[in-house]
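Novice: Would you mind keeping the following structure in view while I ask a few things?
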Amino acid sequence: MHAYPTPSAFAAPPSANLADRRPAIPPETAKTETGKRPTMFNKILIANRGEIACRVIKTARAMGIRTVAVYSDADANARFVKLADEAYRLGPAPAAESYLKAELILDIARQSGAQGVHPGYGFLSENEDFAAACEAAGIAFIGPPASAIAAMGSKSAAKALMEKAKVPLVPGYHGDNQEPDFLKSQADVIGYPVLIKASAGGGGKGMRIVEKSDDFLAALASCQREARASFGDDKVLVEKYLTRPRHVEIQVFADSLGDCVYLFERDCSVQRRHQKVLEEAPAPHLPAETRQAMGEAAVAAARAVGYVGAGTVEFIMDVDSGRFYFMEMNTRLQVEHPVTEMITGQDLVAWQLKVASGQPLPLSQDKLAIHGHSIEARIYAEDPDKGFLPATGTLLHLVPPAENAQVRVDTGVLQGDTISPFYDPMIAKLIVWGETREAALQQLDAALAAYQVAGVTTNIRFLRRIVANPAFASGDVDTGLIARYHDSLLPPAAAPSREQLALLALGEVLATQADDRHAFGALAGWRLNGMLKRRMAFQHGETRHEVMVSYLGDGFALEIGGDTIRASARLEHNRLAATLGDKQLDATLVRHGLQRVLFAAGERLALDYVDPYAYQEAGMHGETHLKAPMPGRVVALLAEAGKAIAKGEPLLILEAMKMEHTITAPADGKVLAFYFAAGEQVKDGDELVDFEAE
């Protein structure tokens, strides 16, 4: 990964240039009120994992700060563990037995000599008790004081504080009276639709939209049940629901000397089930006066709770009126902080470390400016076509786009790592920058097209469809965008193109040339007694796609769906260079077991190769006709008709190109009849055996 945080397309302020820092010497800073110069940490512990742990390590290393990692058994060989200077085991994989063990983490901090703890995001990052315990132990919590976390931890209490600070609030009820009939009466006064929201909630849990009064009590009961199960607290608040809201948040930063600034906004409106999918900065079409008003309101919110460190004040904005209202404050560094770094040229983790060590903010408000546009896409191991179910498995092939001044990849995994069921299935954050939003969109689409992942299903194709969506491309965004364009963003799977099938077939032929287990392997491309042909098939679900490959002296002829394509190709490792007719193509082919994953022209295609020698047992009952996978000669019949045969036992031997191939029983059963005798020639696809499976 390239050095954070700034694109080279503009001149960043000197303080953003990590190369200018002298790691062994604490930076010169102003003296505190006590007259002592703050001392930068020598060592910090990172109480987190994955991508954010790697992110913090990178900046700490650039500043000459040693890092201590803590890990669960599932993360013993993880990238962040290898990057850290020291690493300590926490316990088994479940978070409750590892990353949430606050006392153990503090013990490790003491044992390792760490002077501060960076909580990252998630886990203990917004746990006021952990922050207080760090302070009591004399270890800096690299985040806000416990009192600020507590003040913003309850949505209803936070909104009461914001009301006193004159921060705009959505019309609603945020009080303590939780009687169902009273809450319903408040909703009736506010006017429908309303949003019922768990006071202690987050991440979309414990939220219900109510369209009319008659539905309120049932929705309230459901919301409270979910809130109790998720947070152990069923207190709710009721607010006016905006029909076309935008999610716009402000990055704030405050130091312990009383200064507070805002580093502009991020638009996080593109969401599914209240989970962010794409984030960008600055927000599209946001007037300068609104930006300033939101920034000042966010600073007022931070000051109201005595905030110190990095925080994000989230607002909901009415698309129609342009009015904005306080939603909540996240008392930590956000997942999407890189887009702010890219447009300001500032390293927010470096700011966190400086502020937590007692130094003043690196820049004042008048020194901060927006440069260009940045967008972040979250690359997840999930299946959008199956309701975004998380995917687990090994990253058999992982090639991110090349990083440069416009493209940044923040990740915690490498090829060969496993996406486990224990944690968030994020593979990486892909962040791009451009002089304009249009340029950034172009960068993002190109980077997504170049991203190659095999071994797990990802959301990359879904992200590309969002980028291409006309409404998103024009900046006409709100939180309902994905639901509104659901059908175009999640269309039925398209059949593979002839070009893709041709590339798969060529890759398969070339990959098996030296493998004697496959027909014509070592002799691929030879002629013997006329043209040599090989039929192969690839399957996706219930659909099978066949390709007939004819071996010519100077290449191949591919028959696909009634068309014939003349082709030539070469394969080096998994890189395929092919010529189809007059068109030259480069592709990557990943082969694992029977799965084939093709990356070509920015598209990913995953199919299963149908092995002609490995008939499938699953679902095989009754009579089955086993066919010749290629032309050849029957050498011997090895089974007796009518006799019981076990799965895998040999049935007959077929010879082709002077190589023998054994056809075996696909399941337990018996041979009803052989259609050819020993010595007879067979054509590709001829039925060889009438087999009855049990």
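Numbering starts fresh at 1 for the residues of each chain in the structure tokens, the chains themselves are lettered A, B, ... in the order given, and ligands are numbered from 1 as they appear.
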Can you tell me, as a list in words, what residues are no more than 6 Å from range 273-279 of chain A when counting only C-alpha atoms, ignoring any on the same chain fewer than 6 positions away?
Specialist: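 Residues near the query, excluding close chain neighbours: Gly204, Asp267, Ile375, Glu376 and Ala377 of chain A.
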Novice: Suppose we keep C-alpha atoms; can you now write the selection as a CSV table (one decimal), in the first residue's frame?
Specialist:
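To be explicit, this is the file written out as part_10.csv:
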chain,number,residue,atom,x,y,z
A,204,GLY,CA,-29.8,-0.9,11.7
A,267,ASP,CA,-22.1,11.3,2.1
A,375,ILE,CA,-15.2,7.6,-3.0
A,376,GLU,CA,-14.8,4.4,-0.9
A,377,ALA,CA,-16.3,1.0,-1.8
Novice: Find, counting only C-alpha atoms, the residue in A:Gly120, A:Pro425, A:Pro650, A:Gly434 that gets nearest to Gln334 in chain A.
Specialist: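 Closest to Gln334 in chain A, using only C-alpha atoms: A:Gly120.
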Novice: Determine the nearest neighbour of Phe599 in chain A from the options A:Ala628, A:Leu490, A:Ala288, A:Ala449, counting only C-alpha atoms.
Specialist: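 Smallest distance to Phe599 in chain A is found for A:Ala449.
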Novice: Could you please determine the separation between CA of Ala297 in chain A and CA of Val252 in chain A in Å, to one decimal place?
Specialist: 10.4 Å
Novice: Neighbouring residues of range 561-570 of chain A were defined as those with any atom within 12 Å, considering only C-alpha atoms; residues of the same chain fewer than 2 positions away were excluded. Please report them as number ranges by chain.
Specialist: A: 496-499, 501-511, 513, 525, 544-559, 572-589
Novice: Once you have the residues from the selection above, write them out as a short mmCIF file (atom, residue, chain, number, x, y, z; two decimals), in the first residue's frame, restricted to N, CA and C atoms.
Specialist:
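Full text of out-v5.cif as output:
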data_model
loop_
_atom_site.label_atom_id
_atom_site.label_comp_id
_atom_site.auth_asym_id
_atom_site.auth_seq_id
_atom_site.Cartn_x
_atom_site.Cartn_y
_atom_site.Cartn_z
N PRO A 496 -23.24 -17.12 -19.65
CA PRO A 496 -21.90 -16.76 -20.11
C PRO A 496 -21.88 -16.52 -21.61
N SER A 497 -21.05 -15.60 -22.03
CA SER A 497 -20.94 -15.29 -23.46
C SER A 497 -20.12 -16.36 -24.17
N ARG A 498 -20.24 -16.41 -25.49
CA ARG A 498 -19.42 -17.34 -26.27
C ARG A 498 -17.94 -17.05 -26.05
N GLU A 499 -17.62 -15.77 -25.91
CA GLU A 499 -16.22 -15.39 -25.70
C GLU A 499 -15.71 -15.96 -24.38
N LEU A 501 -16.91 -18.58 -22.72
CA LEU A 501 -16.82 -20.03 -22.82
C LEU A 501 -15.60 -20.45 -23.63
N ALA A 502 -15.29 -19.69 -24.68
CA ALA A 502 -14.11 -19.99 -25.49
C ALA A 502 -12.84 -19.87 -24.66
N LEU A 503 -12.74 -18.82 -23.85
CA LEU A 503 -11.56 -18.63 -23.01
C LEU A 503 -11.45 -19.74 -21.97
N LEU A 504 -12.58 -20.14 -21.38
CA LEU A 504 -12.56 -21.23 -20.41
C LEU A 504 -12.08 -22.53 -21.06
N ALA A 505 -12.60 -22.81 -22.25
CA ALA A 505 -12.21 -24.04 -22.93
C ALA A 505 -10.74 -24.03 -23.30
N LEU A 506 -10.25 -22.92 -23.83
CA LEU A 506 -8.83 -22.83 -24.18
C LEU A 506 -7.95 -22.99 -22.95
N GLY A 507 -8.34 -22.32 -21.85
CA GLY A 507 -7.57 -22.44 -20.63
C GLY A 507 -7.55 -23.86 -20.11
N GLU A 508 -8.68 -24.55 -20.22
CA GLU A 508 -8.75 -25.93 -19.75
C GLU A 508 -7.86 -26.84 -20.58
N VAL A 509 -7.90 -26.66 -21.90
CA VAL A 509 -7.07 -27.49 -22.77
C VAL A 509 -5.58 -27.28 -22.46
N LEU A 510 -5.18 -26.02 -22.37
CA LEU A 510 -3.77 -25.73 -22.16
C LEU A 510 -3.30 -26.13 -20.77
N ALA A 511 -4.18 -25.99 -19.78
CA ALA A 511 -3.80 -26.33 -18.41
C ALA A 511 -3.60 -27.82 -18.22
N GLN A 513 -2.49 -29.96 -20.67
CA GLN A 513 -1.64 -30.53 -21.71
C GLN A 513 -0.64 -31.54 -21.16
N GLY A 525 -3.19 -30.83 -29.66
CA GLY A 525 -2.81 -30.14 -30.88
C GLY A 525 -2.27 -31.08 -31.94
N ARG A 544 -26.00 -26.32 -18.19
CA ARG A 544 -24.72 -26.82 -18.69
C ARG A 544 -24.40 -26.15 -20.03
N HIS A 545 -23.14 -25.75 -20.19
CA HIS A 545 -22.69 -25.09 -21.41
C HIS A 545 -21.57 -25.94 -22.01
N GLU A 546 -21.76 -26.36 -23.27
CA GLU A 546 -20.80 -27.25 -23.90
C GLU A 546 -19.97 -26.53 -24.96
N VAL A 547 -18.72 -26.98 -25.06
CA VAL A 547 -17.81 -26.48 -26.09
C VAL A 547 -17.13 -27.69 -26.73
N MET A 548 -17.14 -27.74 -28.06
CA MET A 548 -16.40 -28.77 -28.78
C MET A 548 -15.11 -28.15 -29.28
N VAL A 549 -13.99 -28.73 -28.85
CA VAL A 549 -12.68 -28.22 -29.23
C VAL A 549 -12.08 -29.15 -30.29
N SER A 550 -11.79 -28.60 -31.46
CA SER A 550 -11.10 -29.35 -32.50
C SER A 550 -9.65 -28.89 -32.55
N TYR A 551 -8.73 -29.85 -32.54
CA TYR A 551 -7.32 -29.53 -32.52
C TYR A 551 -6.83 -29.41 -33.96
N LEU A 552 -6.32 -28.25 -34.32
CA LEU A 552 -5.77 -28.00 -35.64
C LEU A 552 -4.25 -27.91 -35.53
N GLY A 553 -3.59 -27.92 -36.64
CA GLY A 553 -2.14 -27.85 -36.60
C GLY A 553 -1.62 -26.54 -36.05
N ASP A 554 -2.37 -25.44 -36.26
CA ASP A 554 -1.90 -24.12 -35.83
C ASP A 554 -2.82 -23.47 -34.81
N GLY A 555 -3.65 -24.27 -34.16
CA GLY A 555 -4.55 -23.70 -33.15
C GLY A 555 -5.73 -24.60 -32.91
N PHE A 556 -6.88 -23.97 -32.72
CA PHE A 556 -8.08 -24.72 -32.36
C PHE A 556 -9.28 -24.16 -33.11
N ALA A 557 -10.28 -25.01 -33.26
CA ALA A 557 -11.60 -24.57 -33.71
C ALA A 557 -12.57 -24.88 -32.58
N LEU A 558 -13.31 -23.87 -32.15
CA LEU A 558 -14.22 -24.02 -31.02
C LEU A 558 -15.65 -23.92 -31.51
N GLU A 559 -16.45 -24.96 -31.25
CA GLU A 559 -17.86 -24.96 -31.62
C GLU A 559 -18.67 -24.64 -30.37
N GLU A 572 0.40 -19.05 -19.28
CA GLU A 572 1.55 -18.99 -18.39
C GLU A 572 1.04 -18.82 -16.97
N HIS A 573 1.26 -19.87 -16.17
CA HIS A 573 0.68 -19.92 -14.83
C HIS A 573 -0.84 -19.81 -14.98
N ASN A 574 -1.45 -18.74 -14.51
CA ASN A 574 -2.90 -18.62 -14.69
C ASN A 574 -3.27 -17.47 -15.63
N ARG A 575 -2.30 -16.94 -16.33
CA ARG A 575 -2.55 -15.85 -17.28
C ARG A 575 -2.70 -16.42 -18.68
N LEU A 576 -3.82 -16.13 -19.30
CA LEU A 576 -4.16 -16.66 -20.62
C LEU A 576 -4.14 -15.52 -21.63
N ALA A 577 -3.37 -15.71 -22.70
CA ALA A 577 -3.36 -14.78 -23.83
C ALA A 577 -3.96 -15.51 -25.02
N ALA A 578 -5.07 -15.03 -25.54
CA ALA A 578 -5.79 -15.75 -26.59
C ALA A 578 -6.12 -14.84 -27.75
N THR A 579 -6.27 -15.48 -28.91
CA THR A 579 -6.79 -14.80 -30.09
C THR A 579 -8.04 -15.55 -30.53
N LEU A 580 -9.16 -14.87 -30.53
CA LEU A 580 -10.43 -15.45 -30.98
C LEU A 580 -10.82 -14.75 -32.27
N GLY A 581 -10.67 -15.46 -33.37
CA GLY A 581 -10.87 -14.80 -34.66
C GLY A 581 -9.80 -13.74 -34.85
N ASP A 582 -10.22 -12.50 -34.98
CA ASP A 582 -9.27 -11.39 -35.13
C ASP A 582 -9.07 -10.62 -33.83
N LYS A 583 -9.67 -11.08 -32.74
CA LYS A 583 -9.65 -10.34 -31.48
C LYS A 583 -8.66 -10.95 -30.50
N GLN A 584 -7.78 -10.12 -29.95
CA GLN A 584 -6.82 -10.57 -28.95
C GLN A 584 -7.35 -10.25 -27.55
N LEU A 585 -7.22 -11.20 -26.65
CA LEU A 585 -7.75 -11.05 -25.29
C LEU A 585 -6.74 -11.56 -24.27
N ASP A 586 -6.71 -10.90 -23.12
CA ASP A 586 -5.94 -11.37 -21.97
C ASP A 586 -6.92 -11.72 -20.86
N ALA A 587 -6.67 -12.81 -20.18
CA ALA A 587 -7.57 -13.24 -19.11
C ALA A 587 -6.76 -13.93 -18.02
N THR A 588 -7.40 -14.11 -16.88
CA THR A 588 -6.84 -14.88 -15.78
C THR A 588 -7.79 -16.03 -15.49
N LEU A 589 -7.25 -17.23 -15.38
CA LEU A 589 -8.08 -18.41 -15.11
C LEU A 589 -7.60 -19.07 -13.82
#
Novice: Which residue gives the smallest distance to Leu161 in chain A among A:Met536, A:Ala641, A:Ala301, A:Leu389, with only C-alpha atoms counted?
Specialist: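 Of all the options, A:Ala301 lies closest to Leu161 in chain A.
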Novice: Go through A:Val349, A:Ala600, A:Val261, A:Val590 one by one, measure the shortest atom-to-atom distance of each to Met63 in chain A using only C-alpha atoms, and give the residue with the smallest value.
Specialist: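 Using only C-alpha atoms, Met63 in chain A sits closest to A:Val349.
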Novice: Write out as a CSV table (one decimal) with C-alpha atoms, in the first residue's frame each polymer residue whose atoms come within 6 Å of range 191-199 of chain A, counting only C-alpha atoms; drop sequence neighbours fewer than 5 positions from it.
Specialist:
chain,number,residue,atom,x,y,z
A,154,SER,CA,-27.7,6.8,24.5
A,155,LYS,CA,-29.5,8.3,21.5
A,156,SER,CA,-32.2,9.9,23.6
A,206,GLY,CA,-34.1,-2.1,16.6
A,207,MET,CA,-35.5,0.2,13.9
A,208,ARG,CA,-39.0,0.2,12.3
A,209,ILE,CA,-40.7,2.6,9.9
A,210,VAL,CA,-44.4,3.0,10.7
A,211,GLU,CA,-46.7,4.3,7.9
A,212,LYS,CA,-50.0,4.7,9.8
A,227,ALA,CA,-33.6,-4.0,20.9
A,235,LYS,CA,-35.9,1.9,25.4
A,236,VAL,CA,-36.9,3.6,22.1
A,237,LEU,CA,-37.3,7.0,20.6
A,238,VAL,CA,-39.8,8.1,18.0
A,239,GLU,CA,-39.0,10.5,15.2
A,240,LYS,CA,-40.5,11.9,12.0
A,241,TYR,CA,-39.4,9.7,9.1
Novice: Using DSSP on the backbone, list every residue of range 223-278 of chain A that comes out as strand (DSSP E), and give them as a VMD selection string.
Specialist: chain A and resid 236 to 240 245 to 254 260 to 272 275 to 278
Novice: Compare A:Asp690, A:Asp188, A:Glu249, A:Glu86 by their minimum atom-to-atom distance to Glu336 in chain A, counting only C-alpha atoms, and give me the closest one.
Specialist: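 Once distances to Glu336 in chain A are computed over only C-alpha atoms, the minimum belongs to A:Glu249.
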Novice: For a quick check of understanding, using only C-alpha atoms, which of A:Arg55, A:Arg591, A:Arg484, A:Arg79 has the smallest distance to Pro338 in chain A?
Specialist: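 Among the listed residues, A:Arg55 lies closest to Pro338 in chain A.
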